[in-house]
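Let me begin by presenting the structure, written as structure tokens, before commenting on it.
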Amino acid sequence: MKIIVLAKQTFDTEAKLSLDNNGKIDGQGVKLIMNPYDEFAVEEGLRIKEKTNGEVTVISVDKEQDQDALRQAIAMGADEAVMVVPGDVELDEYATATILAKVISKMEYDIILGGFRAIDDGSCQVAGRVAESLNIPVVNMITEIKIENGKAQATRDIEGGSEVIEVKLPAVFTAQKGLNEPRYPSMKGIMKARKKPVKIIRLGELGLVEDQIAAKVKPVSYTLAEPRKAGQVIQDEPAKAVSQAVKLILEKVKVVV
Amino acid sequence: MGHILTEQQKELKELVRSFAVNEVKPHIKELDEKGEFPMELLKQAFEMGLHCLEIPEEYGGSGLDYQTTAVIFEELAKVDAGFAISLVTTFVALRSVIMAGNDAQKKLFADIIIPGAFGAFCLTEPNAGSDAGSIRATAVRDGDEYVINGSKCFITNGSVADVFVVFASTDRSKGVKGLSAFIVERSREGISVGKHEDKMGLRLSNTCDVAFSDVRVPVSHRLGEEGTGFTTAMNTLNISRAFVGTLAVGICQAAIDECVKYAKERVQFGKPIIEFQAVQMILADMEIQTEAARQLVHHSMVLMDQGKPVVKEGSITKCFCGDTVVRVTTDAVQIFGGYGVSKEYPVEKLMRDSKVFQIFEGTNQIQRLVIAKELAK
């Protein structure tokens, strides 16, 4: 079984964000991690590989030097890693998905996995758009998947319960938390990942020109979240302080109607 | 801080740190209280290959050098040295087979250990601690087999090991020169495991008596020639001593990290105690001692990676690291004051964990004898 996993690098959840002089998010010196939902996808890909004697290829669209997520995937057990380098163009979800679909269309695949969302932009679009481009089904936010006779049964949470969806392969599935517990890479895996080259593909090689991936959506501006304001301290005897607090809640915060 | 790490070392260290902090640390308090062996967590460590780091790849290990292995073990010991020692002990046992065994023996041992199992090193007896020459366990040749009888104590991994390296006398009249080493699988008839020691420290590790009663092993299980057992034991201990040092450094670092955090938070006389010189002096001394210990470990590892003898250096490292960890963790309790002795706070455990580092793998007094003997040569 040929398994493709879409993986993206995101800022470490503990990273402090700031804007550069042009008002864009400053990525300098920020630690990058594999998008946690994509990590579930890699893990599921590896589990399917182990059951079916398959092969896992992980694909990312990023800067050539930002290969950490791909190396992590190899260290975990992925067979191949592909990095598509778009160059100095601004991508939106449409553009990223167009590139990925183009790369994948030249490959053999039975199943495509990805995280249901990336924790940075949170747009939840790329995997679905890839499926659309490839004209194959997509099942979003799965928490379990079983594969049998060229079909997959995927479970997803719905309001008040869960539903099981059966689709014919090939298909795209996006991972929700709860799908699995990603493994730690092994020592050997890490050393293997250091030696294994990541396959680099440039836009030109795909037969895509910049116009074809012109972003349909462009961010106009970025603003940082306002820092939390300091709380108000009421200093008085307990009984008086409480009545002051109640007054504040009623009149100023207006929590109680 | 520390010596300069290679990219690979940094990467492996980061991985082990995240495993130790996220998976192991949350359970430490409970496991320490109960003195429980963390089998499930260690199985996870097996899957990561943490039990065979420096074993050559041809035997299925990760084939890392000693320097990198030490970096990884320090990282594990920062979270729990008892957890780390279960893994160190396995590779110490395997190391003695790799040093003294033939290809078939290496394969036999590695095939048991590598997929995920513990090994144990059975040297110490109730009346043969520092004085290994007094070993009473015997291995008597009977045709194509040896029959092993004897009782071993303080055996790390004793009740969880699938395979042992056992030291027994094949000729009592020759003292240490009559000792031989054997590979003994746990599955053989006549092996019984005694009660688990309820220890003051390293309580996540398994320590117990192991008794051998008419245990038969084929002659092919003898490592090297008859009479070479003592040399095998000493060669193995030379390597393991520096590793004991690295675990001690890990505990020291944990103590420093906890103290710095606490001293910044704890306010007395209107300011955090880290702003008082009295506290600064203690912290600086802890750091000086720890960094010196770490450099000694690194020095030994460099020598070992180059295949140079470390008889003196191994003993210096073990001795200095053992004394340092006791001093540094005692100071850590001092910085925490009354809270230092409370089990609610993390440093009393570090102090309990530290003491044995002056005792096992050759007491620090024995180490000093070794050092003096090397000087007198």
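Starting from 1 in every chain, residues are counted up; chains themselves are A, B, ... following the order of the structure tokens, and ligands are numbered from 1 as listed.
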Review point. Which chain A residues are at most 8 Å from chain B (counting only C-alpha atoms), as a ChimeraX atom specification?
Key: /A:184-188,190-191,194
**Study point:** Test item, alpha helix (DSSP H) assignment across range 6-211 of chain B, answer as a ChimeraX atom specification
**Key:** /B:7-19,25-34,39-48,66-79,81-100,103-113
Keeping only C-alpha atoms, write the selected residues to a file as a PDB file, in the first residue's frame.
ATOM      1  CA  GLU B   7      24.349  18.366  15.643  1.00  0.00           C
ATOM      2  CA  GLN B   8      23.573  14.682  16.019  1.00  0.00           C
ATOM      3  CA  GLN B   9      24.176  14.768  19.752  1.00  0.00           C
ATOM      4  CA  LYS B  10      21.910  17.790  20.094  1.00  0.00           C
ATOM      5  CA  GLU B  11      19.177  16.071  18.156  1.00  0.00           C
ATOM      6  CA  LEU B  12      19.382  12.832  20.138  1.00  0.00           C
ATOM      7  CA  LYS B  13      19.587  14.750  23.401  1.00  0.00           C
ATOM      8  CA  GLU B  14      16.474  16.742  22.526  1.00  0.00           C
ATOM      9  CA  LEU B  15      14.559  13.586  21.665  1.00  0.00           C
ATOM     10  CA  VAL B  16      15.553  11.857  24.909  1.00  0.00           C
ATOM     11  CA  ARG B  17      14.764  14.996  26.898  1.00  0.00           C
ATOM     12  CA  SER B  18      11.286  15.187  25.446  1.00  0.00           C
ATOM     13  CA  PHE B  19      10.675  11.473  26.104  1.00  0.00           C
ATOM     14  CA  LYS B  25       8.670  12.480  34.723  1.00  0.00           C
ATOM     15  CA  PRO B  26       4.917  12.567  35.426  1.00  0.00           C
ATOM     16  CA  HIS B  27       5.166   9.112  37.049  1.00  0.00           C
ATOM     17  CA  ILE B  28       8.384   9.565  39.021  1.00  0.00           C
ATOM     18  CA  LYS B  29       6.905  10.667  42.333  1.00  0.00           C
ATOM     19  CA  GLU B  30       4.529   7.732  42.571  1.00  0.00           C
ATOM     20  CA  LEU B  31       7.054   5.170  41.343  1.00  0.00           C
ATOM     21  CA  ASP B  32       9.659   6.456  43.797  1.00  0.00           C
ATOM     22  CA  GLU B  33       7.212   6.240  46.701  1.00  0.00           C
ATOM     23  CA  LYS B  34       6.206   2.710  45.821  1.00  0.00           C
ATOM     24  CA  MET B  39       8.317  -1.757  33.044  1.00  0.00           C
ATOM     25  CA  GLU B  40       5.944  -0.092  30.579  1.00  0.00           C
ATOM     26  CA  LEU B  41       8.053   3.057  30.338  1.00  0.00           C
ATOM     27  CA  LEU B  42      11.204   1.012  29.864  1.00  0.00           C
ATOM     28  CA  LYS B  43       9.532  -0.937  27.076  1.00  0.00           C
ATOM     29  CA  GLN B  44       8.978   2.407  25.372  1.00  0.00           C
ATOM     30  CA  ALA B  45      12.676   3.128  25.898  1.00  0.00           C
ATOM     31  CA  PHE B  46      13.504  -0.215  24.245  1.00  0.00           C
ATOM     32  CA  GLU B  47      11.495   0.798  21.200  1.00  0.00           C
ATOM     33  CA  MET B  48      13.571   3.943  20.967  1.00  0.00           C
ATOM     34  CA  TYR B  66      30.646   6.643  24.078  1.00  0.00           C
ATOM     35  CA  GLN B  67      30.553  10.447  24.077  1.00  0.00           C
ATOM     36  CA  THR B  68      27.087  10.559  22.544  1.00  0.00           C
ATOM     37  CA  THR B  69      25.868   7.740  24.772  1.00  0.00           C
ATOM     38  CA  ALA B  70      26.991   9.710  27.827  1.00  0.00           C
ATOM     39  CA  VAL B  71      25.094  12.805  26.682  1.00  0.00           C
ATOM     40  CA  ILE B  72      21.942  10.715  26.358  1.00  0.00           C
ATOM     41  CA  PHE B  73      22.312   9.053  29.751  1.00  0.00           C
ATOM     42  CA  GLU B  74      22.915  12.381  31.491  1.00  0.00           C
ATOM     43  CA  GLU B  75      19.651  13.580  29.977  1.00  0.00           C
ATOM     44  CA  LEU B  76      17.760  10.518  31.240  1.00  0.00           C
ATOM     45  CA  ALA B  77      19.358  10.770  34.681  1.00  0.00           C
ATOM     46  CA  LYS B  78      18.216  14.380  34.941  1.00  0.00           C
ATOM     47  CA  VAL B  79      14.706  12.986  35.129  1.00  0.00           C
ATOM     48  CA  ALA B  81      18.806   8.095  37.557  1.00  0.00           C
ATOM     49  CA  GLY B  82      17.129   4.855  38.640  1.00  0.00           C
ATOM     50  CA  PHE B  83      15.306   4.675  35.316  1.00  0.00           C
ATOM     51  CA  ALA B  84      18.573   5.336  33.503  1.00  0.00           C
ATOM     52  CA  ILE B  85      20.504   2.716  35.441  1.00  0.00           C
ATOM     53  CA  SER B  86      18.187  -0.095  34.360  1.00  0.00           C
ATOM     54  CA  LEU B  87      19.258   0.707  30.796  1.00  0.00           C
ATOM     55  CA  VAL B  88      22.926   1.283  31.632  1.00  0.00           C
ATOM     56  CA  THR B  89      23.133  -2.067  33.411  1.00  0.00           C
ATOM     57  CA  THR B  90      21.806  -3.914  30.400  1.00  0.00           C
ATOM     58  CA  PHE B  91      24.404  -2.458  28.148  1.00  0.00           C
ATOM     59  CA  VAL B  92      27.163  -2.995  30.731  1.00  0.00           C
ATOM     60  CA  ALA B  93      26.330  -6.715  30.720  1.00  0.00           C
ATOM     61  CA  LEU B  94      26.223  -6.738  26.936  1.00  0.00           C
ATOM     62  CA  ARG B  95      29.472  -4.766  26.808  1.00  0.00           C
ATOM     63  CA  SER B  96      31.309  -7.461  28.772  1.00  0.00           C
ATOM     64  CA  VAL B  97      30.124 -10.036  26.246  1.00  0.00           C
ATOM     65  CA  ILE B  98      31.218  -7.825  23.364  1.00  0.00           C
ATOM     66  CA  MET B  99      34.638  -7.354  24.950  1.00  0.00           C
ATOM     67  CA  ALA B 100      35.284 -10.937  26.008  1.00  0.00           C
ATOM     68  CA  ASP B 103      30.911 -14.056  17.623  1.00  0.00           C
ATOM     69  CA  ALA B 104      28.427 -16.758  18.554  1.00  0.00           C
ATOM     70  CA  GLN B 105      28.269 -15.515  22.143  1.00  0.00           C
ATOM     71  CA  LYS B 106      27.804 -11.916  21.073  1.00  0.00           C
ATOM     72  CA  LYS B 107      24.976 -12.993  18.797  1.00  0.00           C
ATOM     73  CA  LEU B 108      23.389 -15.155  21.497  1.00  0.00           C
ATOM     74  CA  PHE B 109      23.364 -12.272  23.966  1.00  0.00           C
ATOM     75  CA  ALA B 110      22.425  -9.563  21.490  1.00  0.00           C
ATOM     76  CA  ASP B 111      19.537 -11.632  20.096  1.00  0.00           C
ATOM     77  CA  ILE B 112      18.008 -11.733  23.572  1.00  0.00           C
ATOM     78  CA  ILE B 113      18.664  -8.090  24.478  1.00  0.00           C
TER      79      ILE B 113
END
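Of note, CA of Lys152 in chain B and CA of Ile366 in chain B are spaced 20.1 Å apart.
For the residues B:Ser220, B:Val176, B:Asn102, B:Cys153, ranking by smallest atom-to-atom distance to Lys195 in chain B using only C-alpha atoms places B:Cys153 first.
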